[in-house]
>>> print(open('input_2.txt').read())   # compact mmCIF, C-alpha atoms and all ligand atoms
# COMPACT_ATOMS: atom_id res chain seq x y z
CA MET K 1 -24.89 -1.13 68.14
CA GLU K 2 -25.28 1.25 71.09
CA THR K 3 -27.64 4.06 71.99
CA THR K 4 -26.52 6.99 74.12
CA LEU K 5 -28.37 9.79 75.90
CA ILE K 6 -27.30 13.28 74.89
CA LEU K 7 -28.53 16.51 76.46
CA PHE K 8 -28.17 19.92 74.90
CA LYS K 9 -27.71 22.06 77.99
CA PRO K 10 -29.26 25.54 78.45
CA ASP K 11 -26.12 27.31 77.20
CA ALA K 12 -26.31 25.50 73.85
CA LEU K 13 -29.86 26.77 73.35
CA HIS K 14 -29.19 30.31 74.62
CA ARG K 15 -26.17 30.62 72.36
CA GLY K 16 -27.96 29.32 69.28
CA LEU K 17 -25.53 26.43 68.86
CA VAL K 18 -28.04 23.57 68.67
CA GLY K 19 -27.80 23.22 64.90
CA ARG K 20 -24.02 23.31 64.75
CA VAL K 21 -23.59 20.87 67.62
CA LEU K 22 -26.25 18.47 66.36
CA SER K 23 -24.57 18.61 62.97
CA ARG K 24 -21.37 17.19 64.49
CA PHE K 25 -23.20 14.16 65.82
CA GLU K 26 -25.17 13.68 62.59
CA SER K 27 -22.13 14.06 60.36
CA LYS K 28 -20.27 11.46 62.37
CA GLY K 29 -23.00 8.99 61.50
CA LEU K 30 -24.96 8.81 64.73
CA GLN K 31 -28.66 8.30 64.13
CA ILE K 32 -31.37 10.21 65.99
CA VAL K 33 -33.77 7.71 67.53
CA ALA K 34 -35.53 10.09 69.96
CA MET K 35 -35.62 13.82 70.65
CA ARG K 36 -37.49 15.93 73.15
CA MET K 37 -37.48 19.49 74.59
CA LEU K 38 -38.13 19.79 78.29
CA ARG K 39 -37.38 21.74 81.40
CA MET K 40 -35.16 19.84 83.82
CA THR K 41 -36.67 19.86 87.32
CA ASP K 42 -34.87 19.40 90.63
CA GLU K 43 -36.30 15.86 90.68
CA ILE K 44 -34.99 15.00 87.21
CA ALA K 45 -31.62 16.53 88.12
CA ALA K 46 -31.38 14.37 91.23
CA ARG K 47 -32.05 11.25 89.15
CA HIS K 48 -29.85 12.23 86.24
CA TYR K 49 -26.92 13.42 88.35
CA ALA K 50 -27.38 10.90 91.18
CA GLU K 51 -23.61 10.24 91.28
CA HIS K 52 -22.95 13.95 91.86
CA VAL K 53 -25.54 14.96 94.48
CA ASP K 54 -22.95 15.25 97.24
CA LYS K 55 -20.35 17.10 95.16
CA PRO K 56 -19.63 20.77 95.90
CA PHE K 57 -20.57 21.77 92.36
CA TYR K 58 -23.98 20.07 92.49
CA PRO K 59 -26.10 23.09 93.58
CA GLY K 60 -24.62 25.25 90.83
CA LEU K 61 -25.04 22.46 88.30
CA VAL K 62 -28.73 22.07 89.15
CA ALA K 63 -29.32 25.84 89.06
CA PHE K 64 -27.74 25.92 85.59
CA MET K 65 -29.53 22.84 84.24
CA THR K 66 -32.97 23.93 85.49
CA SER K 67 -32.62 27.57 84.40
CA SER K 68 -34.20 27.15 80.96
CA PRO K 69 -35.23 24.36 78.56
CA ILE K 70 -32.93 21.61 77.39
CA LEU K 71 -33.07 19.09 74.56
CA ALA K 72 -32.77 15.36 75.18
CA LEU K 73 -31.70 13.09 72.34
CA ALA K 74 -31.08 9.41 71.92
CA LEU K 75 -28.32 8.78 69.39
CA ARG K 76 -27.50 5.36 67.96
CA GLY K 77 -24.49 3.93 66.19
CA PRO K 78 -21.48 1.64 66.53
CA GLU K 79 -19.94 2.31 69.97
CA ALA K 80 -22.16 5.40 70.14
CA ILE K 81 -21.41 6.02 73.83
CA ALA K 82 -17.64 6.36 73.42
CA VAL K 83 -17.93 8.00 70.00
CA ALA K 84 -20.22 10.72 71.38
CA ARG K 85 -17.93 11.33 74.37
CA LYS K 86 -15.00 11.67 72.00
CA LEU K 87 -16.88 14.22 69.89
CA MET K 88 -17.78 16.14 73.07
CA GLY K 89 -14.28 16.29 74.52
CA LYS K 90 -13.18 16.69 78.12
CA THR K 91 -15.60 18.06 80.72
CA PHE K 92 -14.15 21.58 80.92
CA GLY K 93 -14.06 23.59 77.71
CA LEU K 94 -10.77 25.08 78.87
CA GLU K 95 -9.17 21.63 78.75
CA ALA K 96 -11.08 20.00 75.91
CA GLU K 97 -9.15 19.43 72.70
CA ALA K 98 -9.72 21.74 69.77
CA GLY K 99 -11.91 19.94 67.28
CA THR K 100 -14.27 18.67 69.97
CA ILE K 101 -17.62 20.28 70.75
CA ARG K 102 -16.59 21.48 74.19
CA GLY K 103 -13.13 22.42 72.95
CA ASP K 104 -14.40 24.48 70.05
CA PHE K 105 -17.42 26.19 71.56
CA GLY K 106 -16.62 26.96 75.19
CA CYS K 107 -14.07 27.89 77.83
CA SER K 108 -16.11 27.34 80.99
CA LYS K 109 -15.86 24.72 83.75
CA SER K 110 -19.61 24.41 84.13
CA PHE K 111 -21.29 25.66 80.94
CA ASN K 112 -20.15 22.91 78.61
CA LEU K 113 -23.02 22.66 76.13
CA VAL K 114 -23.71 18.93 76.14
CA HIS K 115 -24.12 15.88 78.31
CA GLY K 116 -23.36 12.37 77.07
CA SER K 117 -23.75 9.05 78.87
CA ASP K 118 -20.44 7.66 80.14
CA SER K 119 -21.14 3.90 80.03
CA ALA K 120 -23.66 1.35 78.81
CA ALA K 121 -25.23 1.18 82.27
CA SER K 122 -25.51 4.99 82.46
CA ALA K 123 -27.00 5.14 78.97
CA GLU K 124 -29.70 2.62 79.79
CA ARG K 125 -30.54 4.36 83.06
CA GLU K 126 -30.53 7.86 81.54
CA LEU K 127 -32.54 6.91 78.44
CA GLY K 128 -35.19 5.60 80.84
CA ILE K 129 -35.42 9.01 82.52
CA TYR K 130 -36.15 10.97 79.34
CA PHE K 131 -37.72 8.37 77.06
CA PRO K 132 -39.72 5.99 79.24
CA ASP K 133 -41.96 5.14 76.27
CA GLY K 134 -39.03 3.88 74.21
CA LEU K 135 -37.21 4.97 71.07
CA GLN K 136 -37.88 5.00 67.33
CA ASP K 137 -36.33 2.00 65.64
CA TRP K 138 -35.83 2.94 62.01
CA GLU K 139 -33.31 2.41 59.27
CA THR K 140 -31.85 5.35 57.40
CA ILE K 141 -30.80 5.01 53.77
CA GLN K 142 -27.29 5.91 54.91
CA HIS K 143 -26.68 2.81 57.03
CA PRO K 144 -24.97 0.71 54.32
CA TRP K 145 -22.49 3.55 53.70
CA LEU K 146 -21.87 4.47 57.31
CA TRP K 147 -21.81 1.36 59.43
CA ASP K 148 -19.81 -1.81 58.89
CA ALA K 149 -21.84 -4.87 57.96
CA GLU K 150 -20.86 -7.04 60.93
N1 LIG A 201 -19.43 20.24 86.61
C1 LIG A 201 -19.19 21.47 87.18
N2 LIG A 201 -18.04 21.66 87.93
C2 LIG A 201 -17.15 20.66 88.13
C3 LIG A 201 -17.41 19.40 87.55
C4 LIG A 201 -18.56 19.22 86.79
O1 LIG A 201 -19.99 22.40 87.00
O2 LIG A 201 -16.14 20.88 88.80
C5 LIG A 201 -20.65 20.04 85.82
C6 LIG A 201 -20.40 20.07 84.32
O3 LIG A 201 -21.50 20.72 83.69
C7 LIG A 201 -20.35 18.59 83.98
C8 LIG A 201 -21.38 18.01 84.96
O4 LIG A 201 -21.21 18.77 86.13
O5 LIG A 201 -20.69 18.34 82.62
C9 LIG A 201 -21.21 16.54 85.25
O6 LIG A 201 -19.85 16.29 85.63
P1 LIG A 201 -19.07 15.03 85.08
O7 LIG A 201 -17.82 14.92 85.86
O8 LIG A 201 -19.98 13.85 85.05
O9 LIG A 201 -18.66 15.48 83.59
P2 LIG A 201 -19.17 14.99 82.16
O10 LIG A 201 -19.53 13.54 82.28
O11 LIG A 201 -20.33 15.85 81.79
O12 LIG A 201 -18.00 15.23 81.24
MG MG A 202 -20.73 12.53 83.64
>>> encode(input="input_2.txt", output="structure tokens")
Amino acid sequence: METTLILFKPDALHRGLVGRVLSRFESKGLQIVAMRMLRMTDEIAARHYAEHVDKPFYPGLVAFMTSSPILALALRGPEAIAVARKLMGKTFGLEAEAGTIRGDFGCSKSFNLVHGSDSAASAERELGIYFPDGLQDWETIQHPWLWDAE
């Protein structure tokens, strides 16, 4: 079982797409184990996007991500990190496959609605940024019908 860090970026909230996007993750069978609304600061951005601080798009990315509130979620399930990335689609909405969140809801190279951790190491690091007090361990009644026994 894996847990991944998902962010609903400012464009998802401005465009009123939170419910529809969250529904994709929920319907797939990913379980919400933490959720929080916050304003990303320059400091959080520098931690979260540490690998990108020297990239040319970084200043624009930070301006976008700090412009209004975001939602942070921890989602759990079998191979949740890869499953969530697959649901999200490629980074740019213009290139993301139809049927994915980014492919269906956007056509921008920077406003792409969601963030999802890209590896187990990233997930652990990123979950620590937004949920330092830990996650909610709970069992939904759906587990036996959603997740394989092993
Ligand atoms: N981004 C951007 N311009 C670029 C590349 C990335 O604005 O040329 C933004 C975009 O919002 C993306 C984020 O920076 O989601 C992080 O980039 P990354 O390559 O890690 O993409 P992701 O992991 O989000 O698919
Ligand atoms: Mg990334």
>>> residues_near_ligand(input="input_2.txt", ligand="ligand LIG 201 (chain A)", cutoff="7 Å", atoms="all atoms listed in the file", output="list in words")
Phe57, Gly60, Leu61, Lys90, Thr91, Lys109, Ser110, Phe111, Asn112, His115, Gly116 and Asp118 of chain K
>>> closest_atom_pairs(input="input_2.txt", of="chain K", to="ligand MG 202 (chain A)", cutoff="12 Å", atoms="all atoms listed in the file", output="Markdown table")
| residue | atom | partner | partner_atom | distance |
| --- | --- | --- | --- | --- |
| K:Leu5 | CA | A:MG202 | MG | 11.2 |
| K:Ile6 | CA | A:MG202 | MG | 11.0 |
| K:Leu7 | CA | A:MG202 | MG | 11.3 |
| K:His48 | CA | A:MG202 | MG | 9.5 |
| K:Tyr49 | CA | A:MG202 | MG | 7.8 |
| K:Ala50 | CA | A:MG202 | MG | 10.2 |
| K:Glu51 | CA | A:MG202 | MG | 8.5 |
| K:His52 | CA | A:MG202 | MG | 8.6 |
| K:Leu61 | CA | A:MG202 | MG | 11.8 |
| K:Ile81 | CA | A:MG202 | MG | 11.8 |
| K:Arg85 | CA | A:MG202 | MG | 9.8 |
| K:Met88 | CA | A:MG202 | MG | 11.6 |
| K:Gly89 | CA | A:MG202 | MG | 11.8 |
| K:Lys90 | CA | A:MG202 | MG | 10.2 |
| K:Thr91 | CA | A:MG202 | MG | 8.1 |
| K:Phe92 | CA | A:MG202 | MG | 11.5 |
| K:Ser110 | CA | A:MG202 | MG | 11.9 |
| K:Asn112 | CA | A:MG202 | MG | 11.5 |
| K:Val114 | CA | A:MG202 | MG | 10.3 |
| K:His115 | CA | A:MG202 | MG | 7.2 |
| K:Gly116 | CA | A:MG202 | MG | 7.1 |
| K:Ser117 | CA | A:MG202 | MG | 6.6 |
| K:Asp118 | CA | A:MG202 | MG | 6.0 |
| K:Ser119 | CA | A:MG202 | MG | 9.4 |
| K:Ser122 | CA | A:MG202 | MG | 9.0 |
| K:Ala123 | CA | A:MG202 | MG | 10.8 |
| K:Glu126 | CA | A:MG202 | MG | 11.1 |
>>> residues_around(input="input_2.txt", residues="Leu127 in chain K", least_positions_apart="6", cutoff="12 Å", atoms="only C-alpha atoms", output="PDB file with C-alpha atoms, keeping the file's coordinate frame")
ATOM      1  CA  GLU K   2     -25.280   1.250  71.090  1.00  0.00           C
ATOM      2  CA  THR K   3     -27.640   4.060  71.990  1.00  0.00           C
ATOM      3  CA  THR K   4     -26.520   6.990  74.120  1.00  0.00           C
ATOM      4  CA  LEU K   5     -28.370   9.790  75.900  1.00  0.00           C
ATOM      5  CA  ILE K   6     -27.300  13.280  74.890  1.00  0.00           C
ATOM      6  CA  LEU K   7     -28.530  16.510  76.460  1.00  0.00           C
ATOM      7  CA  VAL K  33     -33.770   7.710  67.530  1.00  0.00           C
ATOM      8  CA  ALA K  34     -35.530  10.090  69.960  1.00  0.00           C
ATOM      9  CA  MET K  35     -35.620  13.820  70.650  1.00  0.00           C
ATOM     10  CA  ARG K  36     -37.490  15.930  73.150  1.00  0.00           C
ATOM     11  CA  ARG K  47     -32.050  11.250  89.150  1.00  0.00           C
ATOM     12  CA  HIS K  48     -29.850  12.230  86.240  1.00  0.00           C
ATOM     13  CA  ALA K  72     -32.770  15.360  75.180  1.00  0.00           C
ATOM     14  CA  LEU K  73     -31.700  13.090  72.340  1.00  0.00           C
ATOM     15  CA  ALA K  74     -31.080   9.410  71.920  1.00  0.00           C
ATOM     16  CA  LEU K  75     -28.320   8.780  69.390  1.00  0.00           C
ATOM     17  CA  ARG K  76     -27.500   5.360  67.960  1.00  0.00           C
ATOM     18  CA  GLY K 116     -23.360  12.370  77.070  1.00  0.00           C
ATOM     19  CA  SER K 117     -23.750   9.050  78.870  1.00  0.00           C
ATOM     20  CA  SER K 119     -21.140   3.900  80.030  1.00  0.00           C
ATOM     21  CA  ALA K 120     -23.660   1.350  78.810  1.00  0.00           C
ATOM     22  CA  ALA K 121     -25.230   1.180  82.270  1.00  0.00           C
ATOM     23  CA  ASP K 133     -41.960   5.140  76.270  1.00  0.00           C
ATOM     24  CA  GLY K 134     -39.030   3.880  74.210  1.00  0.00           C
ATOM     25  CA  LEU K 135     -37.210   4.970  71.070  1.00  0.00           C
TER      26      LEU K 135
END
>>> residues_around(input="input_2.txt", residues="Leu71 in chain K", least_positions_apart="3", cutoff="12 Å", atoms="all atoms listed in the file", output="CSV table (one decimal) with C-alpha atoms, in the frame of the given file")
chain,number,residue,atom,x,y,z
K,5,LEU,CA,-28.4,9.8,75.9
K,6,ILE,CA,-27.3,13.3,74.9
K,7,LEU,CA,-28.5,16.5,76.5
K,8,PHE,CA,-28.2,19.9,74.9
K,9,LYS,CA,-27.7,22.1,78.0
K,10,PRO,CA,-29.3,25.5,78.4
K,11,ASP,CA,-26.1,27.3,77.2
K,12,ALA,CA,-26.3,25.5,73.8
K,13,LEU,CA,-29.9,26.8,73.4
K,14,HIS,CA,-29.2,30.3,74.6
K,17,LEU,CA,-25.5,26.4,68.9
K,18,VAL,CA,-28.0,23.6,68.7
K,19,GLY,CA,-27.8,23.2,64.9
K,21,VAL,CA,-23.6,20.9,67.6
K,22,LEU,CA,-26.2,18.5,66.4
K,34,ALA,CA,-35.5,10.1,70.0
K,35,MET,CA,-35.6,13.8,70.6
K,36,ARG,CA,-37.5,15.9,73.2
K,37,MET,CA,-37.5,19.5,74.6
K,38,LEU,CA,-38.1,19.8,78.3
K,39,ARG,CA,-37.4,21.7,81.4
K,40,MET,CA,-35.2,19.8,83.8
K,65,MET,CA,-29.5,22.8,84.2
K,66,THR,CA,-33.0,23.9,85.5
K,68,SER,CA,-34.2,27.2,81.0
K,74,ALA,CA,-31.1,9.4,71.9
K,113,LEU,CA,-23.0,22.7,76.1
K,114,VAL,CA,-23.7,18.9,76.1
K,115,HIS,CA,-24.1,15.9,78.3
K,130,TYR,CA,-36.2,11.0,79.3
K,131,PHE,CA,-37.7,8.4,77.1
>>> atom_distance(input="input_2.txt", atom1="CA of Phe25 in chain K", atom2="CA of Glu150 in chain K")
21.9 Å
>>> atom_distance(input="input_2.txt", atom1="CA of Ile129 in chain K", atom2="CA of Ala63 in chain K")
19.1 Å
>>> closest_residue(input="input_2.txt", among="K:Pro69, K:Pro78, K:Gln136, K:Arg125", to="Ala149 in chain K", atoms="only C-alpha atoms")
K:Pro78
>>> closest_residue(input="input_2.txt", among="K:Ile44, K:Met1, K:Val83, K:Tyr58", to="Gly128 in chain K", atoms="all atoms listed in the file")
K:Ile44
>>> atom_distance(input="input_2.txt", atom1="CA of Ser108 in chain K", atom2="CA of Leu94 in chain K")
6.2 Å
>>> closest_residue(input="input_2.txt", among="K:His143, K:Lys28, K:Arg20, K:Arg15", to="Lys86 in chain K", atoms="all atoms listed in the file")
K:Lys28
